[in-house]
$ cat entry31.pdb   # PDB, C-alpha atoms and all ligand atoms
ATOM      1  CA  MET E   1       9.489   1.354  11.767  1.00  0.00           C
ATOM      2  CA  GLU E   2       7.067   0.415   9.001  1.00  0.00           C
ATOM      3  CA  LEU E   3       9.392   1.134   6.040  1.00  0.00           C
ATOM      4  CA  LEU E   4      12.025  -1.170   7.525  1.00  0.00           C
ATOM      5  CA  LYS E   5       9.576  -3.957   8.267  1.00  0.00           C
ATOM      6  CA  GLN E   6       8.225  -3.762   4.713  1.00  0.00           C
ATOM      7  CA  ARG E   7      11.756  -4.033   3.375  1.00  0.00           C
ATOM      8  CA  ILE E   8      12.529  -7.028   5.572  1.00  0.00           C
ATOM      9  CA  ARG E   9       9.326  -8.731   4.381  1.00  0.00           C
ATOM     10  CA  LYS E  10      10.212  -8.009   0.759  1.00  0.00           C
ATOM     11  CA  ASP E  11      13.950  -8.654   0.650  1.00  0.00           C
ATOM     12  CA  GLY E  12      14.866 -10.515   3.857  1.00  0.00           C
ATOM     13  CA  THR E  13      15.304 -14.272   3.744  1.00  0.00           C
ATOM     14  CA  VAL E  14      15.180 -16.718   6.613  1.00  0.00           C
ATOM     15  CA  LYS E  15      17.796 -19.431   6.970  1.00  0.00           C
ATOM     16  CA  GLY E  16      16.874 -22.259   9.308  1.00  0.00           C
ATOM     17  CA  ASN E  17      14.826 -20.940  12.228  1.00  0.00           C
ATOM     18  CA  ASP E  18      17.058 -18.231  13.563  1.00  0.00           C
ATOM     19  CA  VAL E  19      19.136 -16.458  10.916  1.00  0.00           C
ATOM     20  CA  LEU E  20      17.710 -13.526   9.001  1.00  0.00           C
ATOM     21  CA  LYS E  21      19.644 -12.631   5.854  1.00  0.00           C
ATOM     22  CA  VAL E  22      19.364  -8.964   4.997  1.00  0.00           C
ATOM     23  CA  ASP E  23      22.548  -8.646   3.034  1.00  0.00           C
ATOM     24  CA  SER E  24      20.897  -7.086  -0.043  1.00  0.00           C
ATOM     25  CA  PHE E  25      20.162  -3.840   1.861  1.00  0.00           C
ATOM     26  CA  LEU E  26      21.609  -3.827   5.386  1.00  0.00           C
ATOM     27  CA  ASN E  27      24.888  -5.551   6.021  1.00  0.00           C
ATOM     28  CA  HIS E  28      26.582  -6.376   2.744  1.00  0.00           C
ATOM     29  CA  GLN E  29      25.050  -4.247  -0.004  1.00  0.00           C
ATOM     30  CA  MET E  30      23.736  -1.171   1.803  1.00  0.00           C
ATOM     31  CA  ASP E  31      20.693   0.914   0.843  1.00  0.00           C
ATOM     32  CA  VAL E  32      21.869   4.330   1.993  1.00  0.00           C
ATOM     33  CA  ALA E  33      18.481   5.976   1.368  1.00  0.00           C
ATOM     34  CA  LEU E  34      16.962   3.492   3.825  1.00  0.00           C
ATOM     35  CA  PHE E  35      19.867   4.126   6.213  1.00  0.00           C
ATOM     36  CA  GLU E  36      19.022   7.831   6.131  1.00  0.00           C
ATOM     37  CA  GLU E  37      15.462   7.097   7.255  1.00  0.00           C
ATOM     38  CA  ILE E  38      16.818   4.791   9.981  1.00  0.00           C
ATOM     39  CA  GLY E  39      19.168   7.537  11.156  1.00  0.00           C
ATOM     40  CA  LYS E  40      16.292  10.021  11.325  1.00  0.00           C
ATOM     41  CA  GLU E  41      14.231   7.563  13.358  1.00  0.00           C
ATOM     42  CA  PHE E  42      17.034   7.100  15.900  1.00  0.00           C
ATOM     43  CA  LYS E  43      17.329  10.898  16.061  1.00  0.00           C
ATOM     44  CA  ARG E  44      13.585  11.200  16.725  1.00  0.00           C
ATOM     45  CA  LEU E  45      13.763   8.568  19.477  1.00  0.00           C
ATOM     46  CA  TYR E  46      16.821  10.046  21.213  1.00  0.00           C
ATOM     47  CA  GLU E  47      16.147  13.738  20.536  1.00  0.00           C
ATOM     48  CA  GLY E  48      16.997  15.928  23.521  1.00  0.00           C
ATOM     49  CA  CYS E  49      19.139  13.304  25.262  1.00  0.00           C
ATOM     50  CA  GLY E  50      22.376  15.203  24.679  1.00  0.00           C
ATOM     51  CA  VAL E  51      24.017  12.510  22.558  1.00  0.00           C
ATOM     52  CA  ASN E  52      27.503  13.687  21.587  1.00  0.00           C
ATOM     53  CA  LYS E  53      29.063  10.381  20.513  1.00  0.00           C
ATOM     54  CA  ILE E  54      27.929   7.270  18.708  1.00  0.00           C
ATOM     55  CA  LEU E  55      29.586   3.961  19.486  1.00  0.00           C
ATOM     56  CA  THR E  56      29.348   0.820  17.383  1.00  0.00           C
ATOM     57  CA  ILE E  57      31.385  -2.306  16.677  1.00  0.00           C
ATOM     58  CA  GLU E  58      33.055  -3.326  13.468  1.00  0.00           C
ATOM     59  CA  ALA E  59      32.128  -4.287  10.889  1.00  0.00           C
ATOM     60  CA  SER E  60      28.472  -4.230  10.013  1.00  0.00           C
ATOM     61  CA  GLY E  61      27.357  -1.571  12.507  1.00  0.00           C
ATOM     62  CA  ILE E  62      29.589   1.103  11.027  1.00  0.00           C
ATOM     63  CA  GLY E  63      27.458   2.122   8.041  1.00  0.00           C
ATOM     64  CA  ILE E  64      24.277   2.621  10.083  1.00  0.00           C
ATOM     65  CA  ALA E  65      26.243   4.401  12.809  1.00  0.00           C
ATOM     66  CA  CYS E  66      27.758   6.881  10.340  1.00  0.00           C
ATOM     67  CA  VAL E  67      24.451   7.817   8.767  1.00  0.00           C
ATOM     68  CA  THR E  68      22.877   8.150  12.233  1.00  0.00           C
ATOM     69  CA  ALA E  69      25.736  10.391  13.325  1.00  0.00           C
ATOM     70  CA  GLN E  70      24.873  12.806  10.531  1.00  0.00           C
ATOM     71  CA  SER E  71      21.476  13.308  12.204  1.00  0.00           C
ATOM     72  CA  PHE E  72      23.128  13.965  15.575  1.00  0.00           C
ATOM     73  CA  HIS E  73      26.057  16.016  14.203  1.00  0.00           C
ATOM     74  CA  CYS E  74      28.519  14.016  16.290  1.00  0.00           C
ATOM     75  CA  PRO E  75      31.422  11.624  15.699  1.00  0.00           C
ATOM     76  CA  VAL E  76      31.282   7.846  15.474  1.00  0.00           C
ATOM     77  CA  VAL E  77      33.716   5.577  17.294  1.00  0.00           C
ATOM     78  CA  PHE E  78      33.767   1.930  16.282  1.00  0.00           C
ATOM     79  CA  ALA E  79      35.126  -0.622  18.697  1.00  0.00           C
ATOM     80  CA  LYS E  80      37.714  -2.877  17.097  1.00  0.00           C
ATOM     81  CA  LYS E  81      37.867  -6.632  17.323  1.00  0.00           C
ATOM     82  CA  SER E  82      41.445  -7.216  18.313  1.00  0.00           C
ATOM     83  CA  GLN E  83      44.129  -9.751  19.066  1.00  0.00           C
ATOM     84  CA  SER E  84      44.994  -9.868  22.771  1.00  0.00           C
ATOM     85  CA  LYS E  85      48.666  -9.279  22.090  1.00  0.00           C
ATOM     86  CA  ASN E  86      47.992  -5.733  20.902  1.00  0.00           C
ATOM     87  CA  ILE E  87      46.213  -4.643  24.078  1.00  0.00           C
ATOM     88  CA  ASP E  88      47.982  -2.056  26.230  1.00  0.00           C
ATOM     89  CA  GLY E  89      47.050   0.667  28.714  1.00  0.00           C
ATOM     90  CA  ALA E  90      46.024   3.087  25.989  1.00  0.00           C
ATOM     91  CA  VAL E  91      42.763   1.262  25.314  1.00  0.00           C
ATOM     92  CA  TYR E  92      39.632   0.127  27.085  1.00  0.00           C
ATOM     93  CA  ALA E  93      39.222  -3.587  26.444  1.00  0.00           C
ATOM     94  CA  THR E  94      36.522  -6.153  27.047  1.00  0.00           C
ATOM     95  CA  LYS E  95      35.782  -9.700  25.979  1.00  0.00           C
ATOM     96  CA  VAL E  96      32.803 -10.678  23.840  1.00  0.00           C
ATOM     97  CA  GLN E  97      31.526 -14.196  23.359  1.00  0.00           C
ATOM     98  CA  SER E  98      29.973 -14.730  19.949  1.00  0.00           C
ATOM     99  CA  PHE E  99      27.304 -17.384  20.145  1.00  0.00           C
ATOM    100  CA  THR E 100      26.936 -17.504  16.378  1.00  0.00           C
ATOM    101  CA  HIS E 101      30.619 -18.041  15.780  1.00  0.00           C
ATOM    102  CA  GLY E 102      31.313 -19.862  19.028  1.00  0.00           C
ATOM    103  CA  LYS E 103      34.417 -17.903  19.971  1.00  0.00           C
ATOM    104  CA  ILE E 104      35.565 -15.220  22.393  1.00  0.00           C
ATOM    105  CA  TYR E 105      37.250 -12.111  21.061  1.00  0.00           C
ATOM    106  CA  ASP E 106      38.677  -8.919  22.551  1.00  0.00           C
ATOM    107  CA  VAL E 107      37.027  -5.607  21.713  1.00  0.00           C
ATOM    108  CA  ILE E 108      38.911  -2.358  22.220  1.00  0.00           C
ATOM    109  CA  VAL E 109      38.473   1.404  22.020  1.00  0.00           C
ATOM    110  CA  SER E 110      41.277   3.917  22.410  1.00  0.00           C
ATOM    111  CA  LYS E 111      41.084   5.985  25.601  1.00  0.00           C
ATOM    112  CA  LYS E 112      41.526   9.039  23.374  1.00  0.00           C
ATOM    113  CA  PHE E 113      38.062   8.661  21.905  1.00  0.00           C
ATOM    114  CA  LEU E 114      35.801   7.902  24.873  1.00  0.00           C
ATOM    115  CA  GLY E 115      35.703   9.674  28.237  1.00  0.00           C
ATOM    116  CA  PRO E 116      33.595  11.076  31.104  1.00  0.00           C
ATOM    117  CA  GLU E 117      32.363  13.997  28.971  1.00  0.00           C
ATOM    118  CA  ASP E 118      30.662  11.675  26.483  1.00  0.00           C
ATOM    119  CA  LYS E 119      26.924  10.938  26.274  1.00  0.00           C
ATOM    120  CA  VAL E 120      26.917   7.792  24.216  1.00  0.00           C
ATOM    121  CA  LEU E 121      24.331   6.272  21.917  1.00  0.00           C
ATOM    122  CA  ILE E 122      25.279   2.722  20.927  1.00  0.00           C
ATOM    123  CA  ILE E 123      24.174   1.690  17.436  1.00  0.00           C
ATOM    124  CA  ASP E 124      24.232  -1.800  15.921  1.00  0.00           C
ATOM    125  CA  ASP E 125      22.556  -3.657  13.096  1.00  0.00           C
ATOM    126  CA  PHE E 126      21.510  -6.799  15.016  1.00  0.00           C
ATOM    127  CA  LEU E 127      20.688  -7.684  18.583  1.00  0.00           C
ATOM    128  CA  ALA E 128      20.478 -11.384  19.308  1.00  0.00           C
ATOM    129  CA  ASN E 129      22.002 -12.718  22.514  1.00  0.00           C
ATOM    130  CA  GLY E 130      23.313  -9.286  23.386  1.00  0.00           C
ATOM    131  CA  ALA E 131      26.945 -10.202  23.904  1.00  0.00           C
ATOM    132  CA  ALA E 132      28.264  -7.519  21.544  1.00  0.00           C
ATOM    133  CA  LEU E 133      26.036  -4.866  23.106  1.00  0.00           C
ATOM    134  CA  GLU E 134      27.073  -5.857  26.629  1.00  0.00           C
ATOM    135  CA  GLY E 135      30.706  -5.533  25.587  1.00  0.00           C
ATOM    136  CA  LEU E 136      30.107  -2.026  24.246  1.00  0.00           C
ATOM    137  CA  ILE E 137      28.259  -1.068  27.444  1.00  0.00           C
ATOM    138  CA  ASP E 138      31.224  -2.298  29.476  1.00  0.00           C
ATOM    139  CA  LEU E 139      33.544  -0.040  27.444  1.00  0.00           C
ATOM    140  CA  VAL E 140      31.256   2.964  28.092  1.00  0.00           C
ATOM    141  CA  ARG E 141      31.363   2.227  31.836  1.00  0.00           C
ATOM    142  CA  GLN E 142      35.144   1.832  31.866  1.00  0.00           C
ATOM    143  CA  ALA E 143      35.434   5.234  30.196  1.00  0.00           C
ATOM    144  CA  GLY E 144      33.207   6.862  32.829  1.00  0.00           C
ATOM    145  CA  ALA E 145      30.944   8.032  30.009  1.00  0.00           C
ATOM    146  CA  THR E 146      27.151   8.263  30.217  1.00  0.00           C
ATOM    147  CA  LEU E 147      25.154   5.624  28.375  1.00  0.00           C
ATOM    148  CA  VAL E 148      22.082   7.236  26.822  1.00  0.00           C
ATOM    149  CA  GLY E 149      20.823   4.018  25.275  1.00  0.00           C
ATOM    150  CA  ALA E 150      21.077   1.686  22.319  1.00  0.00           C
ATOM    151  CA  GLY E 151      19.578   1.908  18.839  1.00  0.00           C
ATOM    152  CA  ILE E 152      19.216  -1.421  17.070  1.00  0.00           C
ATOM    153  CA  VAL E 153      17.989  -1.991  13.526  1.00  0.00           C
ATOM    154  CA  VAL E 154      16.820  -5.612  13.897  1.00  0.00           C
ATOM    155  CA  GLU E 155      16.206  -7.245  17.264  1.00  0.00           C
ATOM    156  CA  LYS E 156      15.597 -10.972  17.303  1.00  0.00           C
ATOM    157  CA  ALA E 157      13.184 -10.693  20.222  1.00  0.00           C
ATOM    158  CA  PHE E 158      13.001 -14.479  20.606  1.00  0.00           C
ATOM    159  CA  GLN E 159      16.624 -14.385  21.749  1.00  0.00           C
ATOM    160  CA  PRO E 160      17.324 -13.065  25.252  1.00  0.00           C
ATOM    161  CA  GLY E 161      19.608 -10.061  24.693  1.00  0.00           C
ATOM    162  CA  GLY E 162      17.104  -7.211  24.417  1.00  0.00           C
ATOM    163  CA  ASP E 163      14.946  -8.171  27.372  1.00  0.00           C
ATOM    164  CA  ARG E 164      17.956  -8.864  29.586  1.00  0.00           C
ATOM    165  CA  LEU E 165      19.363  -5.391  28.949  1.00  0.00           C
ATOM    166  CA  ARG E 166      15.984  -3.671  29.413  1.00  0.00           C
ATOM    167  CA  ALA E 167      15.621  -5.520  32.733  1.00  0.00           C
ATOM    168  CA  GLN E 168      18.863  -3.810  33.795  1.00  0.00           C
ATOM    169  CA  GLY E 169      17.259  -0.437  33.115  1.00  0.00           C
ATOM    170  CA  ILE E 170      19.076   0.182  29.848  1.00  0.00           C
ATOM    171  CA  ARG E 171      17.066   1.935  27.147  1.00  0.00           C
ATOM    172  CA  VAL E 172      17.047  -0.270  24.042  1.00  0.00           C
ATOM    173  CA  GLU E 173      15.145   0.967  20.976  1.00  0.00           C
ATOM    174  CA  SER E 174      14.819  -1.547  18.148  1.00  0.00           C
ATOM    175  CA  LEU E 175      13.288  -0.462  14.847  1.00  0.00           C
ATOM    176  CA  ALA E 176      12.130  -3.968  13.898  1.00  0.00           C
ATOM    177  CA  ARG E 177      11.505  -6.636  16.529  1.00  0.00           C
ATOM    178  CA  VAL E 178      11.227 -10.165  15.173  1.00  0.00           C
ATOM    179  CA  LYS E 179       8.949 -12.375  17.250  1.00  0.00           C
ATOM    180  CA  SER E 180       9.558 -15.555  15.287  1.00  0.00           C
ATOM    181  CA  MET E 181      10.686 -16.738  11.898  1.00  0.00           C
ATOM    182  CA  SER E 182      11.011 -19.823   9.758  1.00  0.00           C
ATOM    183  CA  GLU E 183      11.558 -20.678   6.137  1.00  0.00           C
ATOM    184  CA  GLU E 184       7.859 -21.636   5.909  1.00  0.00           C
ATOM    185  CA  THR E 185       6.210 -18.678   7.681  1.00  0.00           C
ATOM    186  CA  GLY E 186       8.787 -15.996   6.913  1.00  0.00           C
ATOM    187  CA  VAL E 187       9.271 -13.232   9.465  1.00  0.00           C
ATOM    188  CA  VAL E 188       6.687 -12.388  12.132  1.00  0.00           C
ATOM    189  CA  PHE E 189       7.208  -9.104  13.994  1.00  0.00           C
ATOM    190  CA  VAL E 190       6.324  -8.498  17.660  1.00  0.00           C
ATOM    191  CA  ASP E 191       3.732  -5.843  16.776  1.00  0.00           C
ATOM    192  CA  ASP E 192       2.159  -7.600  13.753  1.00  0.00           C
TER     193      ASP E 192
HETATM  194  P1  LIG M   1      25.011 -11.049  20.013  1.00  0.00           P
HETATM  195  O1  LIG M   1      26.195 -10.166  19.796  1.00  0.00           O
HETATM  196  O2  LIG M   1      23.715 -10.306  20.013  1.00  0.00           O
HETATM  197  O3  LIG M   1      25.172 -11.966  21.183  1.00  0.00           O
HETATM  198  O4  LIG M   1      24.896 -11.958  18.761  1.00  0.00           O
HETATM  199  P2  LIG M   1      25.727 -13.183  18.239  1.00  0.00           P
HETATM  200  O5  LIG M   1      27.008 -13.327  18.984  1.00  0.00           O
HETATM  201  O6  LIG M   1      24.781 -14.297  18.190  1.00  0.00           O
HETATM  202  O7  LIG M   1      25.987 -12.641  16.780  1.00  0.00           O
HETATM  203  C1  LIG M   1      27.221 -12.668  16.146  1.00  0.00           C
HETATM  204  C2  LIG M   1      27.189 -11.867  14.866  1.00  0.00           C
HETATM  205  O8  LIG M   1      26.097 -12.270  14.032  1.00  0.00           O
HETATM  206  C3  LIG M   1      27.036 -10.404  15.026  1.00  0.00           C
HETATM  207  O9  LIG M   1      27.788  -9.815  13.998  1.00  0.00           O
HETATM  208  C4  LIG M   1      25.543 -10.179  14.822  1.00  0.00           C
HETATM  209  O10 LIG M   1      25.297  -8.850  14.369  1.00  0.00           O
HETATM  210  C5  LIG M   1      25.238 -11.177  13.772  1.00  0.00           C
HETATM  211  N1  LIG M   1      23.881 -11.712  13.756  1.00  0.00           N
HETATM  212  C6  LIG M   1      23.203 -12.314  14.769  1.00  0.00           C
HETATM  213  N2  LIG M   1      22.035 -12.773  14.337  1.00  0.00           N
HETATM  214  C7  LIG M   1      21.956 -12.469  13.016  1.00  0.00           C
HETATM  215  C8  LIG M   1      20.981 -12.709  12.008  1.00  0.00           C
HETATM  216  O11 LIG M   1      19.907 -13.306  12.226  1.00  0.00           O
HETATM  217  N3  LIG M   1      21.256 -12.246  10.764  1.00  0.00           N
HETATM  218  C9  LIG M   1      22.412 -11.597  10.477  1.00  0.00           C
HETATM  219  N4  LIG M   1      22.577 -11.168   9.208  1.00  0.00           N
HETATM  220  N5  LIG M   1      23.366 -11.373  11.391  1.00  0.00           N
HETATM  221  C10 LIG M   1      23.129 -11.810  12.649  1.00  0.00           C
HETATM  222  P3  LIG M   1      29.339  -9.627  14.212  1.00  0.00           P
HETATM  223  O12 LIG M   1      29.996 -10.867  14.721  1.00  0.00           O
HETATM  224  O13 LIG M   1      29.501  -8.442  15.085  1.00  0.00           O
HETATM  225  O14 LIG M   1      29.954  -9.435  12.844  1.00  0.00           O
HETATM  226  P4  LIG M   1      29.914  -8.284  11.778  1.00  0.00           P
HETATM  227  O15 LIG M   1      29.003  -8.815  10.750  1.00  0.00           O
HETATM  228  O16 LIG M   1      29.338  -7.064  12.423  1.00  0.00           O
HETATM  229  O17 LIG M   1      31.304  -8.111  11.360  1.00  0.00           O
HETATM  230 NA    NA M   2      26.773  -8.615  11.836  1.00  0.00          NA
HETATM  231 NA    NA M   3      27.015  -5.862  14.046  1.00  0.00          NA
END
$ encode --input "entry31.pdb" --output "structure tokens"
Amino acid sequence: MELLKQRIRKDGTVKGNDVLKVDSFLNHQMDVALFEEIGKEFKRLYEGCGVNKILTIEASGIGIACVTAQSFHCPVVFAKKSQSKNIDGAVYATKVQSFTHGKIYDVIVSKKFLGPEDKVLIIDDFLANGAALEGLIDLVRQAGATLVGAGIVVEKAFQPGGDRLRAQGIRVESLARVKSMSEETGVVFVDD
């Protein structure tokens, strides 16, 4: 998505060799006009797939997911990062290992809000190692719902998550795919 790549080039900053800061428009301050264009692009990509629910994970996926849901006229469910002690039979639960933060956390969704009748589009802001996305996919499977695919704003294509999921036959659409980055060169996209 050209508009998004332009914005990343203009306002994104690289920290070290593997962290892209986009907090002026994507995941801290949020440019809702840009979000609207992102939502329309996901709608274009997944038009006709019968999506009737959008699933994301707190916190930074929620804004994008909500704006995207307006294009699909469907609800958003966000999976919650939870303490194990709160988990009971009323929720689907899975474990996610965060490589960035080096810890394992539980992720839950109430059984009330995901079930076999759902055709789910997963939305998230970043895809890196894919642990968060794999956790969400596990929740969809537990619910007996249909996974339509995933819509990602920024994929760090030099990390293994996206390709591993595509190799499993999962449809992953990323609006900006970063091939490499460094403080010296800035961001290089896969299709530059
Ligand atoms: P993975 O889920 O793809 O395996 O990624 P990883 O564990 O490495 O990432 C942990 C968190 O860091 C995720 O947010 C992810 O969205 C975010 N992240 C990964 N790479 C980048 C990056 O280059 N830039 C930015 N800005 N974020 C990145 P989270 O733990 O779910 O937290 P939240 O921010 O959504 O609350
Ligand atoms: Na994040
Ligand atoms: Na996120």
$ resolve_selection --input "entry31.pdb" --expression "the PyMOL selection byres (((not hetatm)) within 9 of (chain M and resi 3))" --output "list in words"
Asn27, Thr56, Ile57, Glu58, Ala59, Ser60, Gly61, Ile62, Ile123, Asp124, Asp125, Phe126, Leu127 and Ala132 of chain E
$ residues_near_ligand --input "entry31.pdb" --ligand "ligand LIG 1 (chain M)" --cutoff "10 Å" --atoms "only C-alpha atoms and all ligand atoms" --output "PDB file with C-alpha atoms, in the coordinates of the input"
ATOM      1  CA  GLY E  12      14.866 -10.515   3.857  1.00  0.00           C
ATOM      2  CA  THR E  13      15.304 -14.272   3.744  1.00  0.00           C
ATOM      3  CA  VAL E  14      15.180 -16.718   6.613  1.00  0.00           C
ATOM      4  CA  LYS E  15      17.796 -19.431   6.970  1.00  0.00           C
ATOM      5  CA  GLY E  16      16.874 -22.259   9.308  1.00  0.00           C
ATOM      6  CA  ASN E  17      14.826 -20.940  12.228  1.00  0.00           C
ATOM      7  CA  ASP E  18      17.058 -18.231  13.563  1.00  0.00           C
ATOM      8  CA  VAL E  19      19.136 -16.458  10.916  1.00  0.00           C
ATOM      9  CA  LEU E  20      17.710 -13.526   9.001  1.00  0.00           C
ATOM     10  CA  LYS E  21      19.644 -12.631   5.854  1.00  0.00           C
ATOM     11  CA  VAL E  22      19.364  -8.964   4.997  1.00  0.00           C
ATOM     12  CA  ASP E  23      22.548  -8.646   3.034  1.00  0.00           C
ATOM     13  CA  LEU E  26      21.609  -3.827   5.386  1.00  0.00           C
ATOM     14  CA  ASN E  27      24.888  -5.551   6.021  1.00  0.00           C
ATOM     15  CA  HIS E  28      26.582  -6.376   2.744  1.00  0.00           C
ATOM     16  CA  THR E  56      29.348   0.820  17.383  1.00  0.00           C
ATOM     17  CA  ILE E  57      31.385  -2.306  16.677  1.00  0.00           C
ATOM     18  CA  GLU E  58      33.055  -3.326  13.468  1.00  0.00           C
ATOM     19  CA  ALA E  59      32.128  -4.287  10.889  1.00  0.00           C
ATOM     20  CA  SER E  60      28.472  -4.230  10.013  1.00  0.00           C
ATOM     21  CA  GLY E  61      27.357  -1.571  12.507  1.00  0.00           C
ATOM     22  CA  ILE E  62      29.589   1.103  11.027  1.00  0.00           C
ATOM     23  CA  LYS E  81      37.867  -6.632  17.323  1.00  0.00           C
ATOM     24  CA  VAL E  96      32.803 -10.678  23.840  1.00  0.00           C
ATOM     25  CA  GLN E  97      31.526 -14.196  23.359  1.00  0.00           C
ATOM     26  CA  SER E  98      29.973 -14.730  19.949  1.00  0.00           C
ATOM     27  CA  PHE E  99      27.304 -17.384  20.145  1.00  0.00           C
ATOM     28  CA  THR E 100      26.936 -17.504  16.378  1.00  0.00           C
ATOM     29  CA  HIS E 101      30.619 -18.041  15.780  1.00  0.00           C
ATOM     30  CA  GLY E 102      31.313 -19.862  19.028  1.00  0.00           C
ATOM     31  CA  LYS E 103      34.417 -17.903  19.971  1.00  0.00           C
ATOM     32  CA  ILE E 104      35.565 -15.220  22.393  1.00  0.00           C
ATOM     33  CA  TYR E 105      37.250 -12.111  21.061  1.00  0.00           C
ATOM     34  CA  ASP E 124      24.232  -1.800  15.921  1.00  0.00           C
ATOM     35  CA  ASP E 125      22.556  -3.657  13.096  1.00  0.00           C
ATOM     36  CA  PHE E 126      21.510  -6.799  15.016  1.00  0.00           C
ATOM     37  CA  LEU E 127      20.688  -7.684  18.583  1.00  0.00           C
ATOM     38  CA  ALA E 128      20.478 -11.384  19.308  1.00  0.00           C
ATOM     39  CA  ASN E 129      22.002 -12.718  22.514  1.00  0.00           C
ATOM     40  CA  GLY E 130      23.313  -9.286  23.386  1.00  0.00           C
ATOM     41  CA  ALA E 131      26.945 -10.202  23.904  1.00  0.00           C
ATOM     42  CA  ALA E 132      28.264  -7.519  21.544  1.00  0.00           C
ATOM     43  CA  LEU E 133      26.036  -4.866  23.106  1.00  0.00           C
ATOM     44  CA  GLU E 134      27.073  -5.857  26.629  1.00  0.00           C
ATOM     45  CA  GLY E 135      30.706  -5.533  25.587  1.00  0.00           C
ATOM     46  CA  ILE E 152      19.216  -1.421  17.070  1.00  0.00           C
ATOM     47  CA  VAL E 154      16.820  -5.612  13.897  1.00  0.00           C
ATOM     48  CA  GLU E 155      16.206  -7.245  17.264  1.00  0.00           C
ATOM     49  CA  LYS E 156      15.597 -10.972  17.303  1.00  0.00           C
ATOM     50  CA  GLN E 159      16.624 -14.385  21.749  1.00  0.00           C
ATOM     51  CA  PRO E 160      17.324 -13.065  25.252  1.00  0.00           C
ATOM     52  CA  GLY E 161      19.608 -10.061  24.693  1.00  0.00           C
ATOM     53  CA  GLY E 162      17.104  -7.211  24.417  1.00  0.00           C
ATOM     54  CA  VAL E 178      11.227 -10.165  15.173  1.00  0.00           C
ATOM     55  CA  MET E 181      10.686 -16.738  11.898  1.00  0.00           C
TER      56      MET E 181
END
$ closest_residue --input "entry31.pdb" --among "E:Leu34, E:Val77, E:Ala93, E:Ala157" --to "Asn52 (chain E)" --atoms "all atoms listed in the file"
E:Val77
$ residues_around --input "entry31.pdb" --residues "Ala79 (chain E)" --least-positions-apart "4" --cutoff "9 Å" --atoms "only C-alpha atoms" --output "PyMOL selection string"
chain E and resi 55-58+107-110+136+139
$ resolve_selection --input "entry31.pdb" --expression "the PyMOL selection byres (((chain E and resi 191) around 12) and not hetatm)" --output "PyMOL selection string"
chain E and resi 1-2+5+157+174-180+187-190+192
$ write_last_selection --input "entry31.pdb" --atoms "C-alpha atoms" --output "short mmCIF file (atom, residue, chain, number, x, y, z; two decimals), in the frame of the given file"
data_model
loop_
_atom_site.label_atom_id
_atom_site.label_comp_id
_atom_site.auth_asym_id
_atom_site.auth_seq_id
_atom_site.Cartn_x
_atom_site.Cartn_y
_atom_site.Cartn_z
CA MET E 1 9.49 1.35 11.77
CA GLU E 2 7.07 0.42 9.00
CA LYS E 5 9.58 -3.96 8.27
CA ALA E 157 13.18 -10.69 20.22
CA SER E 174 14.82 -1.55 18.15
CA LEU E 175 13.29 -0.46 14.85
CA ALA E 176 12.13 -3.97 13.90
CA ARG E 177 11.50 -6.64 16.53
CA VAL E 178 11.23 -10.16 15.17
CA LYS E 179 8.95 -12.38 17.25
CA SER E 180 9.56 -15.56 15.29
CA VAL E 187 9.27 -13.23 9.46
CA VAL E 188 6.69 -12.39 12.13
CA PHE E 189 7.21 -9.10 13.99
CA VAL E 190 6.32 -8.50 17.66
CA ASP E 192 2.16 -7.60 13.75
#
$ resolve_selection --input "entry31.pdb" --expression "the PyMOL selection byres (((chain E and resi 33) around 12) and not hetatm)" --output "list in words"
Leu3, Leu4, Phe25, Leu26, Met30, Asp31, Val32, Leu34, Phe35, Glu36, Glu37, Ile38, Gly39, Lys40, Gly63, Ile64, Val67 and Thr68 of chain E
$ closest_residue --input "entry31.pdb" --among "E:Val153, E:Ala145, E:Cys49, E:Ala69" --to "ligand NA 2 (chain M)" --atoms "all atoms listed in the file"
E:Val153
$ atom_distance --input "entry31.pdb" --atom1 "CA of Val51 (chain E)" --atom2 "CA of Val172 (chain E)"
14.6 Å
$ atom_distance --input "entry31.pdb" --atom1 "CA of Gly89 (chain E)" --atom2 "CA of Gln142 (chain E)"
12.4 Å
$ atom_distance --input "entry31.pdb" --atom1 "CA of Tyr46 (chain E)" --atom2 "CA of Arg164 (chain E)"
20.7 Å
$ build_atoms --input "entry31.pdb" --residues "region 25-31 of chain E" --atoms "N, CA and C atoms" --output "PDB file, keeping the file's coordinate frame"
ATOM      1  N   PHE E  25      20.389  -5.263   1.554  1.00  0.00           N
ATOM      2  CA  PHE E  25      20.162  -3.840   1.861  1.00  0.00           C
ATOM      3  C   PHE E  25      20.758  -3.363   3.169  1.00  0.00           C
ATOM      4  N   LEU E  26      21.168  -4.282   4.059  1.00  0.00           N
ATOM      5  CA  LEU E  26      21.609  -3.827   5.386  1.00  0.00           C
ATOM      6  C   LEU E  26      23.073  -4.090   5.690  1.00  0.00           C
ATOM      7  N   ASN E  27      23.528  -5.316   5.526  1.00  0.00           N
ATOM      8  CA  ASN E  27      24.888  -5.551   6.021  1.00  0.00           C
ATOM      9  C   ASN E  27      25.871  -6.181   5.025  1.00  0.00           C
ATOM     10  N   HIS E  28      25.549  -6.051   3.741  1.00  0.00           N
ATOM     11  CA  HIS E  28      26.582  -6.376   2.744  1.00  0.00           C
ATOM     12  C   HIS E  28      26.451  -5.303   1.659  1.00  0.00           C
ATOM     13  N   GLN E  29      25.479  -5.430   0.761  1.00  0.00           N
ATOM     14  CA  GLN E  29      25.050  -4.247  -0.004  1.00  0.00           C
ATOM     15  C   GLN E  29      24.237  -3.375   0.955  1.00  0.00           C
ATOM     16  N   MET E  30      24.411  -2.058   0.855  1.00  0.00           N
ATOM     17  CA  MET E  30      23.736  -1.171   1.803  1.00  0.00           C
ATOM     18  C   MET E  30      22.890  -0.142   1.067  1.00  0.00           C
ATOM     19  N   ASP E  31      21.603  -0.069   1.425  1.00  0.00           N
ATOM     20  CA  ASP E  31      20.693   0.914   0.843  1.00  0.00           C
ATOM     21  C   ASP E  31      20.786   2.196   1.677  1.00  0.00           C
TER      22      ASP E  31
END
